[in-house]
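Structure, as C-alpha cells:
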Amino acid sequence: MSAPNKSYDPKQVSPLGSEAIAAAVAAALADIAAASDLEALKAARLAHAGDRSPIALANREIGALPPAAKAEAGKRIGEARTVIKDALDARTQVLEDEAASRMLADEKVDVTVAIDDLPRGARHPLTAISEHVADVFLSMGWEVAEGPELEAEWFNFDALNIPTDHPARSMQDTFFVAPEDSHLVLRTHTSPVQARTMLSKQPPIYVVVPGRVFRTDELDATHTPVFHQVEGLAIDEGLTMAHLKGTLLHFAQAMFGADAKVRWRPSYFPFTEPSAEFDLWYPQAKGGPRWIEWGGCGMVNPAVLRACGIDDTKFTGFAFGMGLERTLMFRHGITDMRDIVEGDIRFSLQFGVEA
Amino acid sequence: MRVPRSWLAEFIDIPASATLEDIADAYVRIGIEPESIEYVGADIVGPIVVGRVLEFVEEPQSNGKTIRWCQVDVGGTVHGIVCGALNFFPNDKVVVSLPGAVLPGGFAIAARKTYGHTSDGMICSAKELGMGDDHSGIIRLSELGLDPELGTDTIELLQLRDEVVELNVLPDSGYVMSIRGAARELSHATGWQFHDRALEVAEPAAAGGAVTGVSIADSDGADHIVLRTLVGFDPHAHSPMWMRRRLQLAGTRSISLAVDITNYVMYEFGQPLHAFDRTKLKGDIVVRFAKPGETLETLDHVKRTLRPSDVLITDSRGPIALAGTMGGLDTEIDDDSTEIVIEAAHFNARLIGRQSRGHQLISEASKRFERDVDADIQGAASARAINLLIAHGGGTYTGSAADDRRAAVQPIAMPIDAASTLVGYPISADQVCAALTAIGCSVSGADPLQVVRPTWRSDLIGVAELVEEVARFTGYDNIPAVLPTAREGSGLTSRQHLRRKISRSLAYGGMVEVLNYPFVGPADHDAQLIPADDWRRNAVQLANPLSAEQPEMRTSLLGPLLLAAKRNVGRGMRDLAIFEMGIVTLPSVSGEAAGQPGIERRPSDAELAQINAAVPQQFESVAGVLVGQRLLSGPHTSGRPVSWADAIAIARGVGETAGVELSVRAEEKAPWHPGRCAALLLRDEVVGYAGELHPKVADTYGLPRGSAIFELWLEPVYTEQPGPVAATPVRTFPVASQDLAFVTPNHVTAAAMQAALAAALGDVCESVRCFDVYSGDQVPAGHRSLAFALRLRAPDRTLSEAEIAEYRDKAVAAGTALGGTLR
C-alpha cells in the first residue's frame, strides 16, 4: 500500500492551476487504484477527498479569485472531485465484492454432513400396497369395505355356499374359536365381507376389501398363518364375465403397467360359478416377463346372492381376490415370507413410507 | 390323483406325438391343475434282463451279515453275483442288472470286488427298479405270475418306463377322479377320441347258488347298492405284473389279488369297492345309519364309537363297515378267503365326507365318495371286479343282489341366452347345445333348453354351473375384457382416511410399522406384570392354536410388539421406534355360540343380530415401543435418549393427527413404570396409556431400561368427529412476552400450572409454554421450579406497560394460588 504524497508544500504551488489540479487527480487515482483493501481505500479517501485533501484546499482558494476566474476554477475543481469520487466508488464496489466473496468462500461447508438425528421411519409395505390397491378401485368409483377378523362360521362358510359337510371346508385350514361349538372362526379369507356388504345394502355394489386372514399353516419361507388378501365384489344389473375380465385387466395394468395382461384358467370356488383362477403377465418379473399365478375369481353364485337377500333374477355380480404377500413377493423380489412377518425394521425401512 | 399315461391310453387315443407336457397343458385349459409330471424310469439304461439262479453258496461275514455267492444264467452266459437278499431259491427267475446298466437315480452297475468275489452284476429288488418301496428282498418273477425267457429285457417286461401326470382334483370335480374321468376330460380339451370302457364291461354269467342279499334301510345314506358273490376263488393267486405296476404308479401298494382288484377298479372307474369274506358274514347286508352306542373295529385295528349320522354296512350281527370310508376287521379278506362278496354303492356324498372327517379316516375311497361318484357305475364296476377276479384267481360267480332307490335326474331349464348373458359375449344356441352334449348332458327343448346332466356330474345343479361348462368349452380366452362403470362412490370413509393419516404421520415422525401375529398367552401377560384380575387377561381363546403357549387373541397390541422389539434388539438394532396399528379382541357381547341360519333365504334381522352379538368384540388400536436414542448424536446435535415423554408426545400427536386433543393424567398401570405413566384422556374418558416401560418388564424382554411405550385405542378417536375449525381473526398488534418461574411443590403438575396461567391471562393469552423444569440445590426438597413463557396480545390495541404489568400480576397470583412461589 502506498501512502498519500505529503512531500510537497501546497502553498508553494498554485492550488488552482490546471496543472496542479491534474496532478492532484492523478495522485488520487493512483492511490485509489493501489488500495488493495477497504482499509487502504479509506486512507486514500481521506487523503484525496477529505477536508485536508489538495482538492479541498484548492476549493477554499476560489473565494480569493477575481469573479471572472471563479467560474472556471470552480468548474475545474468540480470535475476533479467527480473523477476522484467515481474512482473511489468504483474501487469500493470492487473491494467490497472481493471481501464478500472471500467471506462466502471461508464459510463453505461439507454439505454431505447431513442432519440425521431423527431416525427414519417407514410403513410396512403390506399397508402401502393395500392402500395402492384400494386407490386404483377408488379412482373407478368403488368403495372400500371392511369386516371383522374373528368371524361367525355362517359368514365365513355358509353364506358363501360352503355348507358344513362341504369338502371345500376342509380345504381351508381353519382356526376355530373355543369352545368348539361356538361357530366362530378366524376368517380364512376376506370373502365374508362380501356377504356382510350384500346384507347391509342393495345393489349397485362396487367394493374392494383388503384385510388380514388366517389359516393354520406353520410359518416357513412360503407360508404364514396370518396373511393378507384383497378382494373385489361388484353386484349390479347386467354384469358379465367380460366385465370381470375388464376389471382385472384394468387393475393389473394400473398396478404393473400397460404391458400387464391377465389370463384365466377354469377353477372352482363354492361362492362363484363360473369360477377361474387368473394369472398375471408380469412384464417386470425378475429374469424376464412371465405368467404368475395371482388369484381367483368368478361370477357370484346365485346361492350366495339369495342367502344375502339379493334378487338373483335381477342382479348378477362378480368377485375376485388375491394374496397381498404373494403380490408383494413377486413385485419386490422377496424370497422369504419370514422377512415380511418378523417385524425386523430393516425390512420395512427398505420401502419407506409410501412403498 | 396320479394318472399313468399307459393306463390313460386305454381310454383315449393319445397321438404318439403328444408329449406329457402337451397333456398337462390340455388339462390346464379346462381347469384341471396338473400338480406335477413325471417321466418314470426315464433314466434307466439296460442291460437289465431276466436271469435264473443256478446255485448259490451262503457265506457268513464278520459283520454279522450273510451274503449269497450266486451263479446266475442270463441266457447263455453265467454271471457270478454277490447278493445280500435271502428270499430266493435255486431255479428262481430274477431280474439282473448287468455291468453297464443304470438304475433309477443314476445308480450305475459295474463288475466290482466285494466280500471276496468279483460281483458281475446285481440281482434287483423292487425298490432298486423304481417299483415301490419294497426292499425286503429281491424280485422273484414267479411271484408276479411271470415265467419269461432268460435274457428277456425287463425294462419292457416290468414296464419300468411310464409317464405320470398328477392332477389336483377340486372338491366339485369328483368326475375327474378316475382314469375314465381323466380321459373324458382330456378328450374334451383335445378332441382326441374317448373310449368309455365302462360301457364295454361284460356282465359275468351267473352260475347260480348262494348269493348274499342286500337292502337299503335308510335311503338318505345310499340310493344304490350292488353285491356280487364269487365262490371257489384261489386266495394264493398273484396279482398280475401290469396291475401291480399301475397301482404302484397310482400310489398304492400291492396287497393281495382281491384287494388289488378292488383298488384297480376304483382308480379305473372312480367307484370304490369293498370285498367281504363271505364266510365271515351273517345273513344279508343292510345299509343303515348307526344306532346309539354301536361300535366297530375298523381295518386299522381302531375300535370306533359310531355317531348317529354314520352310514353303515351291517349284517345280522351289526356293523361290518363304515360305508365308503373303511371296512371292519371282522369281515376282512384274508389269505384263506375263497368266497368273496364285492360291494359297490352310491353313498350320500355329504354324509361320507362328514363321517370320514369325523373319524379322521381320509381314504382314497372317502375322497371319491365325498366328491360324489357316478351314480350309474356300480353295476359295471362290480362286474369288472368279478371278471378280473375270475381271470386271475379263478372261482365261480354265483350272482348279484341290488337295491336301487335312485330318483330320475331332473332336467334343468336353461334359457337359451343364459350363457351369453352371464359370460358377456354372444354364444349361439348351437354352441351351447354342443358344449353340453359333449360333456354328456342330454339336451332337448328350444327355449328354455331342458338339460339332463350325466350321472357322473352331480355338481351340475343349476344354470350357473351349466354356463360354466359352456364357458369352459368355448374358451375363457375368448371372453372379451370390458370395464364396467361403477356408480359414483363416496371415497374413503372418515375412519379409513384417519387410519391412513395416522400411519403416515407416525412413519414420517421416525417410527417403523410392523405387523405382528395376534396370538398371545398367559406367559405374555405375566411378562408384562398384568394383574390376575385385569380385563386384559379375559381373552378370546382358540380351539386349535398353532402353539399351546399362545392360545389367546391379543387384548393389547403391546405383547407382540414388545416381542418384535426384543427380536430387533437381539439382531443388533440399538435405537428403535416401532409401531403397529391393528385389531385387539375381547369376548363377545352375548357370549353365545353364533347361529347357523342356513342359506336358503336371507337370515332375519334378529338372526343376524344374534350372530353379530356372538362375534367377539374387535377394536382398532395403535401402539408403539421406543428403545435407545430418540435423537441420534451427530455433527449438529448431541442426541437424546428415549424418554417417557416421547411416548406421551407421540400418542398425543396421533390424537392431533385425528383432530382431537388428548390430555394426560398420572396413573399406575402395568406394564408401565408406576411413576412415569400417563393415562391418555379424550375429554374424561381414558383412551390409552403412555410412558416409560416398567424396568422389570424391560428386563424380562431384554430391552434397555428407560424404553418407552404407548397404546391408544382408536375407536373413540375415530368416533369423535371434530367439526370444521372455527377460525379466530389473526391479531396484528404487537406481542408482549413475559417469563415467569415458580417454585412449586412436586405434586403440582406442569399442566395444572399452565392451565391456571392461561386462565388468568384470559382473552389476551396467545400462548403459555413450559420451557424449563428444574429441581436441585436451588429449590427446597419436594419442590421444583417450573418456568413458563407467556405471550400476550390483545385483538384491538397495543397493550400498555401498565396493562402488561396488571396481567403479569394476575398470572403470578394464579401461580401462587396453586402453591407456587415466584422465583
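To be explicit about the labels: the chains of the C-alpha cells are called A, B, and onward in the order shown, and within each one the residues are counted from 1, while ligands get numbers from 1 in the order they are shown.
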8 Å contact set for Phe278 in chain A, only C-alpha atoms, chain neighbours under 6 positions out, as a PDB file with N, CA and C atoms, in the first residue's frame:
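As a result, out.pdb now contains:
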```pdb
ATOM      1  N   VAL A 262     -53.840 -60.349 -18.201  1.00  0.00           N
ATOM      2  CA  VAL A 262     -54.325 -61.440 -17.359  1.00  0.00           C
ATOM      3  C   VAL A 262     -54.858 -62.554 -18.242  1.00  0.00           C
ATOM      4  N   ARG A 263     -54.743 -63.780 -17.730  1.00  0.00           N
ATOM      5  CA  ARG A 263     -55.396 -64.895 -18.422  1.00  0.00           C
ATOM      6  C   ARG A 263     -56.087 -65.754 -17.369  1.00  0.00           C
ATOM      7  N   TRP A 264     -57.085 -66.492 -17.821  1.00  0.00           N
ATOM      8  CA  TRP A 264     -57.915 -67.273 -16.913  1.00  0.00           C
ATOM      9  C   TRP A 264     -57.723 -68.760 -17.136  1.00  0.00           C
ATOM     10  N   ARG A 265     -57.836 -69.487 -16.035  1.00  0.00           N
ATOM     11  CA  ARG A 265     -57.945 -70.945 -16.111  1.00  0.00           C
ATOM     12  C   ARG A 265     -59.203 -71.321 -15.339  1.00  0.00           C
ATOM     13  N   GLU A 293     -49.108 -66.925 -11.251  1.00  0.00           N
ATOM     14  CA  GLU A 293     -50.414 -67.226 -10.656  1.00  0.00           C
ATOM     15  C   GLU A 293     -50.742 -66.123  -9.667  1.00  0.00           C
ATOM     16  N   TRP A 294     -51.939 -65.555  -9.796  1.00  0.00           N
ATOM     17  CA  TRP A 294     -52.193 -64.355  -8.998  1.00  0.00           C
ATOM     18  C   TRP A 294     -53.385 -64.505  -8.070  1.00  0.00           C
ATOM     19  N   GLY A 295     -54.511 -65.028  -8.560  1.00  0.00           N
ATOM     20  CA  GLY A 295     -55.666 -65.072  -7.666  1.00  0.00           C
ATOM     21  C   GLY A 295     -56.812 -65.866  -8.256  1.00  0.00           C
ATOM     22  N   GLY A 296     -57.962 -65.766  -7.599  1.00  0.00           N
ATOM     23  CA  GLY A 296     -59.146 -66.486  -8.040  1.00  0.00           C
ATOM     24  C   GLY A 296     -60.284 -65.500  -8.279  1.00  0.00           C
ATOM     25  N   CYS A 297     -61.247 -65.909  -9.126  1.00  0.00           N
ATOM     26  CA  CYS A 297     -62.341 -65.002  -9.426  1.00  0.00           C
ATOM     27  C   CYS A 297     -63.525 -65.785  -9.978  1.00  0.00           C
TER      28      CYS A 297
END
```
Using only C-alpha atoms, which protein or nucleic acid residues come within 9 Å of Ala254 in chain A? Drop anything in the same chain fewer than 5 positions from it, and give the result as a list in words. Val133, Val136, Leu249 and Ala260 of chain A
Please list as a short mmCIF file (atom, residue, chain, number, x, y, z; two decimals) with N, CA, C and O atoms, in the first residue's frame every residue within 12 Å of Ala258 in chain A, counting only C-alpha atoms and excluding residues in the same chain fewer than 4 positions away.
```cif
data_model
loop_
_atom_site.label_atom_id
_atom_site.label_comp_id
_atom_site.auth_asym_id
_atom_site.auth_seq_id
_atom_site.Cartn_x
_atom_site.Cartn_y
_atom_site.Cartn_z
N LEU A 249 -58.14 -56.74 -15.80
CA LEU A 249 -57.12 -56.24 -16.72
C LEU A 249 -56.74 -54.81 -16.34
O LEU A 249 -55.57 -54.45 -16.27
N HIS A 250 -57.76 -53.99 -16.08
CA HIS A 250 -57.50 -52.60 -15.69
C HIS A 250 -56.66 -52.56 -14.41
O HIS A 250 -55.71 -51.79 -14.30
N PHE A 251 -57.05 -53.39 -13.47
CA PHE A 251 -56.34 -53.43 -12.19
C PHE A 251 -54.88 -53.84 -12.40
O PHE A 251 -53.95 -53.20 -11.88
N ALA A 252 -54.68 -54.88 -13.20
CA ALA A 252 -53.31 -55.37 -13.44
C ALA A 252 -52.47 -54.27 -14.08
O ALA A 252 -51.31 -54.05 -13.71
N GLN A 253 -53.08 -53.55 -15.03
CA GLN A 253 -52.30 -52.53 -15.73
C GLN A 253 -52.06 -51.31 -14.84
O GLN A 253 -51.01 -50.68 -14.92
N ALA A 254 -53.01 -51.02 -13.95
CA ALA A 254 -52.81 -49.91 -13.03
C ALA A 254 -51.69 -50.22 -12.05
O ALA A 254 -50.94 -49.35 -11.63
N VAL A 262 -53.84 -60.35 -18.20
CA VAL A 262 -54.32 -61.44 -17.36
C VAL A 262 -54.86 -62.55 -18.24
O VAL A 262 -55.32 -62.31 -19.35
N TRP A 281 -49.60 -61.54 -16.45
CA TRP A 281 -48.40 -61.40 -17.27
C TRP A 281 -47.63 -60.23 -16.69
O TRP A 281 -48.08 -59.09 -16.75
N TYR A 282 -46.48 -60.52 -16.07
CA TYR A 282 -45.76 -59.53 -15.28
C TYR A 282 -44.52 -59.08 -16.05
O TYR A 282 -43.52 -59.79 -16.07
N PRO A 283 -44.61 -57.92 -16.69
CA PRO A 283 -43.51 -57.50 -17.58
C PRO A 283 -42.20 -57.27 -16.84
O PRO A 283 -41.13 -57.45 -17.42
N GLN A 284 -42.28 -56.87 -15.55
CA GLN A 284 -41.04 -56.54 -14.83
C GLN A 284 -40.48 -57.71 -14.03
O GLN A 284 -39.62 -57.52 -13.18
#
```
Residue set, range 173-253 of chain B restricted to helix (DSSP H, G or I), as a PyMOL selection string: chain B and resi 174-176+179-190+197-200+241-250
Can you pull out the residues contacting range 442-455 of chain B? Cut-off 12 Å, using only C-alpha atoms, and skip same-chain residues under 3 positions away; I want them as a ChimeraX atom specification. /B:174-175,346,372-378,406-419,429-430,432-439,458-463,465-467,469
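Distance check against chain A using only C-alpha atoms: of B:Val779, B:Leu529, B:Ala651, B:Ile32, the minimum falls on B:Ile32.
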For chain A, the closest of B:Ala250, B:Leu492, B:Leu557, B:Leu626 counting only C-alpha atoms is B:Leu492
What's around Glu156 in chain B at 10 Å? Count only C-alpha atoms, leave out sequence neighbours fewer than 4 positions away in its own chain, and write the answer as an NGL selection string. :B and (48-49 or 152 or 160-161)
Give me the residues near range 91-94 of chain B as an MDAnalysis selection string, where near means some atom within 8 Å (using only C-alpha atoms) and where sequence neighbours in that chain fewer than 3 positions away do not count. chainID B and resid 50:55 88 123:124 138:142 147
Written selection (all heavy atoms) as a CSV table (one decimal), in the first residue's frame:
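The resulting file, part.csv, is reproduced below:
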```csv
chain,number,residue,atom,x,y,z
B,50,VAL,N,-33.8,-110.9,-17.6
B,50,VAL,CA,-34.2,-112.0,-16.8
B,50,VAL,C,-33.1,-113.0,-16.6
B,50,VAL,O,-32.4,-113.4,-17.6
B,50,VAL,CB,-35.5,-112.7,-17.4
B,50,VAL,CG1,-35.9,-113.9,-16.7
B,50,VAL,CG2,-36.6,-111.7,-17.5
B,51,GLY,N,-32.8,-113.5,-15.4
B,51,GLY,CA,-31.8,-114.5,-15.2
B,51,GLY,C,-32.4,-115.6,-14.3
B,51,GLY,O,-33.5,-115.4,-13.7
B,52,ARG,N,-31.7,-116.8,-14.3
B,52,ARG,CA,-32.1,-117.8,-13.4
B,52,ARG,C,-31.0,-118.1,-12.4
B,52,ARG,O,-29.8,-118.2,-12.8
B,52,ARG,CB,-32.4,-119.1,-14.2
B,52,ARG,CG,-33.0,-120.3,-13.3
B,52,ARG,CD,-32.7,-121.6,-14.0
B,52,ARG,NE,-33.3,-121.8,-15.3
B,52,ARG,CZ,-34.5,-122.0,-15.6
B,52,ARG,NH1,-35.4,-122.2,-14.6
B,52,ARG,NH2,-34.9,-122.1,-16.8
B,53,VAL,N,-31.3,-118.2,-11.2
B,53,VAL,CA,-30.3,-118.5,-10.1
B,53,VAL,C,-30.0,-120.0,-10.3
B,53,VAL,O,-30.9,-120.8,-10.0
B,53,VAL,CB,-30.8,-118.1,-8.7
B,53,VAL,CG1,-29.7,-118.5,-7.7
B,53,VAL,CG2,-31.1,-116.7,-8.6
B,54,LEU,N,-28.8,-120.4,-10.7
B,54,LEU,CA,-28.5,-121.8,-10.9
B,54,LEU,C,-28.2,-122.4,-9.5
B,54,LEU,O,-28.7,-123.5,-9.1
B,54,LEU,CB,-27.3,-122.0,-11.8
B,54,LEU,CG,-27.5,-121.4,-13.2
B,54,LEU,CD1,-26.2,-121.5,-14.0
B,54,LEU,CD2,-28.6,-122.1,-13.9
B,55,GLU,N,-27.3,-121.8,-8.7
B,55,GLU,CA,-27.0,-122.2,-7.4
B,55,GLU,C,-26.4,-121.1,-6.6
B,55,GLU,O,-26.0,-120.1,-7.2
B,55,GLU,CB,-26.0,-123.4,-7.5
B,55,GLU,CG,-24.7,-123.0,-8.3
B,55,GLU,CD,-23.7,-124.1,-8.3
B,55,GLU,OE1,-23.9,-125.1,-7.8
B,55,GLU,OE2,-22.6,-123.8,-8.9
B,88,PHE,N,-34.8,-116.1,-1.9
B,88,PHE,CA,-34.9,-116.8,-3.1
B,88,PHE,C,-34.3,-118.2,-3.1
B,88,PHE,O,-33.6,-118.5,-2.1
B,88,PHE,CB,-34.3,-116.0,-4.3
B,88,PHE,CG,-32.9,-115.7,-4.1
B,88,PHE,CD1,-31.9,-116.5,-4.7
B,88,PHE,CD2,-32.4,-114.6,-3.4
B,88,PHE,CE1,-30.5,-116.2,-4.5
B,88,PHE,CE2,-31.1,-114.3,-3.2
B,88,PHE,CZ,-30.1,-115.1,-3.8
B,123,ILE,N,-28.6,-108.5,-8.6
B,123,ILE,CA,-30.0,-109.0,-8.6
B,123,ILE,C,-30.8,-108.0,-7.9
B,123,ILE,O,-30.5,-107.5,-6.8
B,123,ILE,CB,-30.1,-110.4,-7.9
B,123,ILE,CG1,-29.0,-111.4,-8.5
B,123,ILE,CG2,-31.5,-110.9,-8.0
B,123,ILE,CD1,-29.0,-112.7,-7.7
B,124,CYS,N,-31.9,-107.6,-8.6
B,124,CYS,CA,-32.6,-106.3,-8.2
B,124,CYS,C,-33.8,-106.6,-7.3
B,124,CYS,O,-34.6,-107.5,-7.5
B,124,CYS,CB,-33.1,-105.6,-9.4
B,124,CYS,SG,-31.7,-105.1,-10.4
B,138,ILE,N,-35.2,-109.6,-3.0
B,138,ILE,CA,-35.2,-109.4,-4.5
B,138,ILE,C,-36.5,-109.8,-5.1
B,138,ILE,O,-37.3,-110.4,-4.4
B,138,ILE,CB,-34.0,-110.1,-5.1
B,138,ILE,CG1,-34.1,-111.6,-4.8
B,138,ILE,CG2,-32.7,-109.5,-4.7
B,138,ILE,CD1,-34.1,-112.5,-5.9
B,139,ILE,N,-36.8,-109.4,-6.3
B,139,ILE,CA,-38.0,-109.8,-7.0
B,139,ILE,C,-37.9,-111.2,-7.5
B,139,ILE,O,-36.9,-111.6,-8.2
B,139,ILE,CB,-38.2,-108.8,-8.2
B,139,ILE,CG1,-38.5,-107.4,-7.8
B,139,ILE,CG2,-39.3,-109.4,-9.1
B,139,ILE,CD1,-38.6,-106.4,-8.9
B,140,ARG,N,-38.8,-112.1,-7.1
B,140,ARG,CA,-38.9,-113.4,-7.7
B,140,ARG,C,-40.0,-113.3,-8.8
B,140,ARG,O,-41.2,-113.0,-8.5
B,140,ARG,CB,-39.3,-114.4,-6.7
B,140,ARG,CG,-38.2,-114.5,-5.6
B,140,ARG,CD,-38.7,-115.4,-4.4
B,140,ARG,NE,-38.9,-116.8,-4.8
B,140,ARG,CZ,-39.9,-117.6,-4.3
B,140,ARG,NH1,-40.7,-117.1,-3.4
B,140,ARG,NH2,-39.9,-118.8,-4.7
B,141,LEU,N,-39.7,-113.5,-10.0
B,141,LEU,CA,-40.6,-113.2,-11.1
B,141,LEU,C,-41.9,-114.1,-11.0
B,141,LEU,O,-43.0,-113.8,-11.4
B,141,LEU,CB,-39.9,-113.3,-12.5
B,141,LEU,CG,-39.0,-112.2,-12.7
B,141,LEU,CD1,-38.1,-112.4,-14.0
B,141,LEU,CD2,-39.7,-110.9,-12.9
B,142,SER,N,-41.7,-115.3,-10.4
B,142,SER,CA,-42.8,-116.2,-10.3
B,142,SER,C,-43.9,-115.6,-9.4
B,142,SER,O,-45.1,-115.9,-9.6
B,142,SER,CB,-42.3,-117.6,-9.7
B,142,SER,OG,-41.8,-117.4,-8.4
B,147,ASP,N,-43.1,-116.0,-16.2
B,147,ASP,CA,-42.1,-117.0,-16.5
B,147,ASP,C,-41.5,-116.7,-17.8
B,147,ASP,O,-41.6,-117.5,-18.8
B,147,ASP,CB,-42.8,-118.4,-16.5
B,147,ASP,CG,-41.8,-119.5,-16.6
B,147,ASP,OD1,-40.6,-119.3,-16.3
B,147,ASP,OD2,-42.2,-120.6,-17.0
```
9 Å contact set for range 236-248 of chain A, only C-alpha atoms, chain neighbours under 3 positions out, as a compact mmCIF listing (two decimals) with N, CA, C and O atoms, in the first residue's frame:
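Done, and the output landed in around_18.txt:
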```txt
# COMPACT_ATOMS: atom_id res chain seq x y z
N PRO A 203 -77.83 -53.58 -4.32
CA PRO A 203 -77.03 -53.15 -5.46
C PRO A 203 -77.49 -51.78 -5.95
O PRO A 203 -78.65 -51.42 -5.71
N PRO A 204 -76.67 -51.06 -6.69
CA PRO A 204 -75.34 -51.48 -7.14
C PRO A 204 -74.30 -51.49 -6.01
O PRO A 204 -74.29 -50.59 -5.18
N ILE A 205 -73.46 -52.51 -6.04
CA ILE A 205 -72.40 -52.63 -5.06
C ILE A 205 -71.07 -52.75 -5.83
O ILE A 205 -70.96 -53.59 -6.72
N TYR A 206 -70.15 -51.88 -5.52
CA TYR A 206 -68.79 -52.00 -6.08
C TYR A 206 -67.81 -51.77 -4.93
O TYR A 206 -67.58 -50.62 -4.54
N PHE A 251 -57.05 -53.39 -13.47
CA PHE A 251 -56.34 -53.43 -12.19
C PHE A 251 -54.88 -53.84 -12.40
O PHE A 251 -53.95 -53.20 -11.88
N ALA A 252 -54.68 -54.88 -13.20
CA ALA A 252 -53.31 -55.37 -13.44
C ALA A 252 -52.47 -54.27 -14.08
O ALA A 252 -51.31 -54.05 -13.71
N GLN A 253 -53.08 -53.55 -15.03
CA GLN A 253 -52.30 -52.53 -15.73
C GLN A 253 -52.06 -51.31 -14.84
O GLN A 253 -51.01 -50.68 -14.92
N LYS A 261 -50.94 -58.19 -18.48
CA LYS A 261 -52.10 -58.89 -19.04
C LYS A 261 -52.62 -59.88 -18.01
O LYS A 261 -51.91 -60.21 -17.07
N VAL A 262 -53.84 -60.35 -18.20
CA VAL A 262 -54.32 -61.44 -17.36
C VAL A 262 -54.86 -62.55 -18.24
O VAL A 262 -55.32 -62.31 -19.35
N ARG A 263 -54.74 -63.78 -17.73
CA ARG A 263 -55.40 -64.90 -18.42
C ARG A 263 -56.09 -65.75 -17.37
O ARG A 263 -55.73 -65.74 -16.20
N TRP A 264 -57.08 -66.49 -17.82
CA TRP A 264 -57.91 -67.27 -16.91
C TRP A 264 -57.72 -68.76 -17.14
O TRP A 264 -57.52 -69.22 -18.26
N PRO A 274 -69.66 -69.26 -12.99
CA PRO A 274 -68.39 -69.92 -13.21
C PRO A 274 -67.24 -69.31 -12.38
O PRO A 274 -67.33 -68.17 -11.95
N PHE A 278 -56.73 -66.75 -12.04
CA PHE A 278 -56.14 -65.88 -13.05
C PHE A 278 -54.65 -65.68 -12.83
O PHE A 278 -54.16 -65.65 -11.71
N CYS A 297 -61.25 -65.91 -9.13
CA CYS A 297 -62.34 -65.00 -9.43
C CYS A 297 -63.52 -65.79 -9.98
O CYS A 297 -63.43 -66.98 -10.23
N GLY A 298 -64.63 -65.10 -10.18
CA GLY A 298 -65.77 -65.76 -10.79
C GLY A 298 -67.02 -64.91 -10.66
O GLY A 298 -67.00 -63.80 -10.10
N MET A 299 -68.10 -65.44 -11.20
CA MET A 299 -69.39 -64.78 -11.09
C MET A 299 -70.05 -65.26 -9.81
O MET A 299 -70.09 -66.46 -9.52
N LYS A 314 -82.60 -60.62 -10.88
CA LYS A 314 -82.43 -59.25 -11.37
C LYS A 314 -80.95 -58.87 -11.47
O LYS A 314 -80.53 -58.16 -12.38
N PHE A 315 -80.16 -59.34 -10.48
CA PHE A 315 -78.77 -58.88 -10.39
C PHE A 315 -77.79 -60.03 -10.63
O PHE A 315 -78.06 -61.18 -10.27
N THR A 316 -76.68 -59.70 -11.23
CA THR A 316 -75.54 -60.63 -11.27
C THR A 316 -74.35 -59.88 -10.68
O THR A 316 -74.39 -58.67 -10.46
N GLY A 317 -73.29 -60.62 -10.43
CA GLY A 317 -72.13 -59.96 -9.86
C GLY A 317 -70.89 -60.78 -10.08
O GLY A 317 -70.95 -61.93 -10.49
N PHE A 318 -69.77 -60.16 -9.83
CA PHE A 318 -68.51 -60.90 -9.89
C PHE A 318 -67.67 -60.59 -8.67
O PHE A 318 -67.89 -59.59 -7.97
N ALA A 319 -66.74 -61.49 -8.39
CA ALA A 319 -65.86 -61.32 -7.25
C ALA A 319 -64.48 -61.82 -7.65
O ALA A 319 -64.35 -62.67 -8.53
N PHE A 320 -63.48 -61.26 -7.02
CA PHE A 320 -62.11 -61.73 -7.28
C PHE A 320 -61.28 -61.47 -6.04
O PHE A 320 -61.66 -60.67 -5.17
N SER B 420 -74.83 -66.45 -22.89
CA SER B 420 -74.41 -65.14 -23.43
C SER B 420 -74.55 -64.05 -22.39
O SER B 420 -73.68 -63.20 -22.23
N THR B 421 -75.66 -64.08 -21.66
CA THR B 421 -75.95 -63.04 -20.69
C THR B 421 -74.92 -63.01 -19.56
O THR B 421 -74.47 -61.96 -19.13
N LEU B 422 -74.51 -64.18 -19.09
CA LEU B 422 -73.61 -64.22 -17.94
C LEU B 422 -72.15 -64.11 -18.38
O LEU B 422 -71.32 -63.55 -17.66
N VAL B 423 -71.84 -64.65 -19.56
CA VAL B 423 -70.44 -64.64 -20.00
C VAL B 423 -70.08 -63.28 -20.59
O VAL B 423 -68.97 -62.80 -20.41
N GLY B 424 -71.04 -62.69 -21.32
CA GLY B 424 -70.78 -61.34 -21.80
C GLY B 424 -70.37 -61.25 -23.25
O GLY B 424 -69.84 -60.23 -23.68
N TYR B 425 -70.57 -62.30 -24.01
CA TYR B 425 -70.42 -62.18 -25.45
C TYR B 425 -71.32 -63.22 -26.11
O TYR B 425 -71.72 -64.19 -25.45
N ILE B 479 -63.31 -64.71 -23.99
CA ILE B 479 -64.17 -63.72 -23.34
C ILE B 479 -63.52 -62.34 -23.45
O ILE B 479 -62.34 -62.19 -23.12
N PRO B 480 -64.24 -61.33 -23.94
CA PRO B 480 -63.63 -60.01 -24.07
C PRO B 480 -63.47 -59.34 -22.71
O PRO B 480 -64.07 -59.78 -21.72
N ALA B 481 -62.65 -58.32 -22.65
CA ALA B 481 -62.46 -57.54 -21.42
C ALA B 481 -63.20 -56.23 -21.56
O ALA B 481 -62.91 -55.44 -22.45
N VAL B 482 -64.18 -56.00 -20.70
CA VAL B 482 -64.99 -54.78 -20.75
C VAL B 482 -65.00 -54.18 -19.35
O VAL B 482 -65.34 -54.86 -18.39
N LEU B 483 -64.59 -52.93 -19.24
CA LEU B 483 -64.56 -52.30 -17.92
C LEU B 483 -65.95 -51.81 -17.55
O LEU B 483 -66.53 -51.01 -18.28
N PRO B 484 -66.51 -52.30 -16.43
CA PRO B 484 -67.84 -51.81 -16.05
C PRO B 484 -67.74 -50.41 -15.47
O PRO B 484 -66.70 -50.01 -14.97
N ALA B 486 -68.71 -48.24 -12.59
CA ALA B 486 -69.27 -48.25 -11.24
C ALA B 486 -70.10 -47.00 -11.04
O ALA B 486 -69.89 -45.99 -11.70
```
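Among B:Arg68, B:Met581, B:Gly776, B:Val664, the residue with the shortest atom-to-atom distance to Arg500 in chain B, counting only C-alpha atoms, is B:Met581.
Interatomic distance, CA of Ser239 in chain B to CA of Leu257 in chain B: 4.6 Å.
Considering only range 279-309 of chain B, backbone DSSP assigns strand (DSSP E or B) to Ile285, Val286, Val287, Arg288, Phe289, Thr295, Leu296, Glu297, Thr298, Lys303, Arg304 and Thr305 of chain B.
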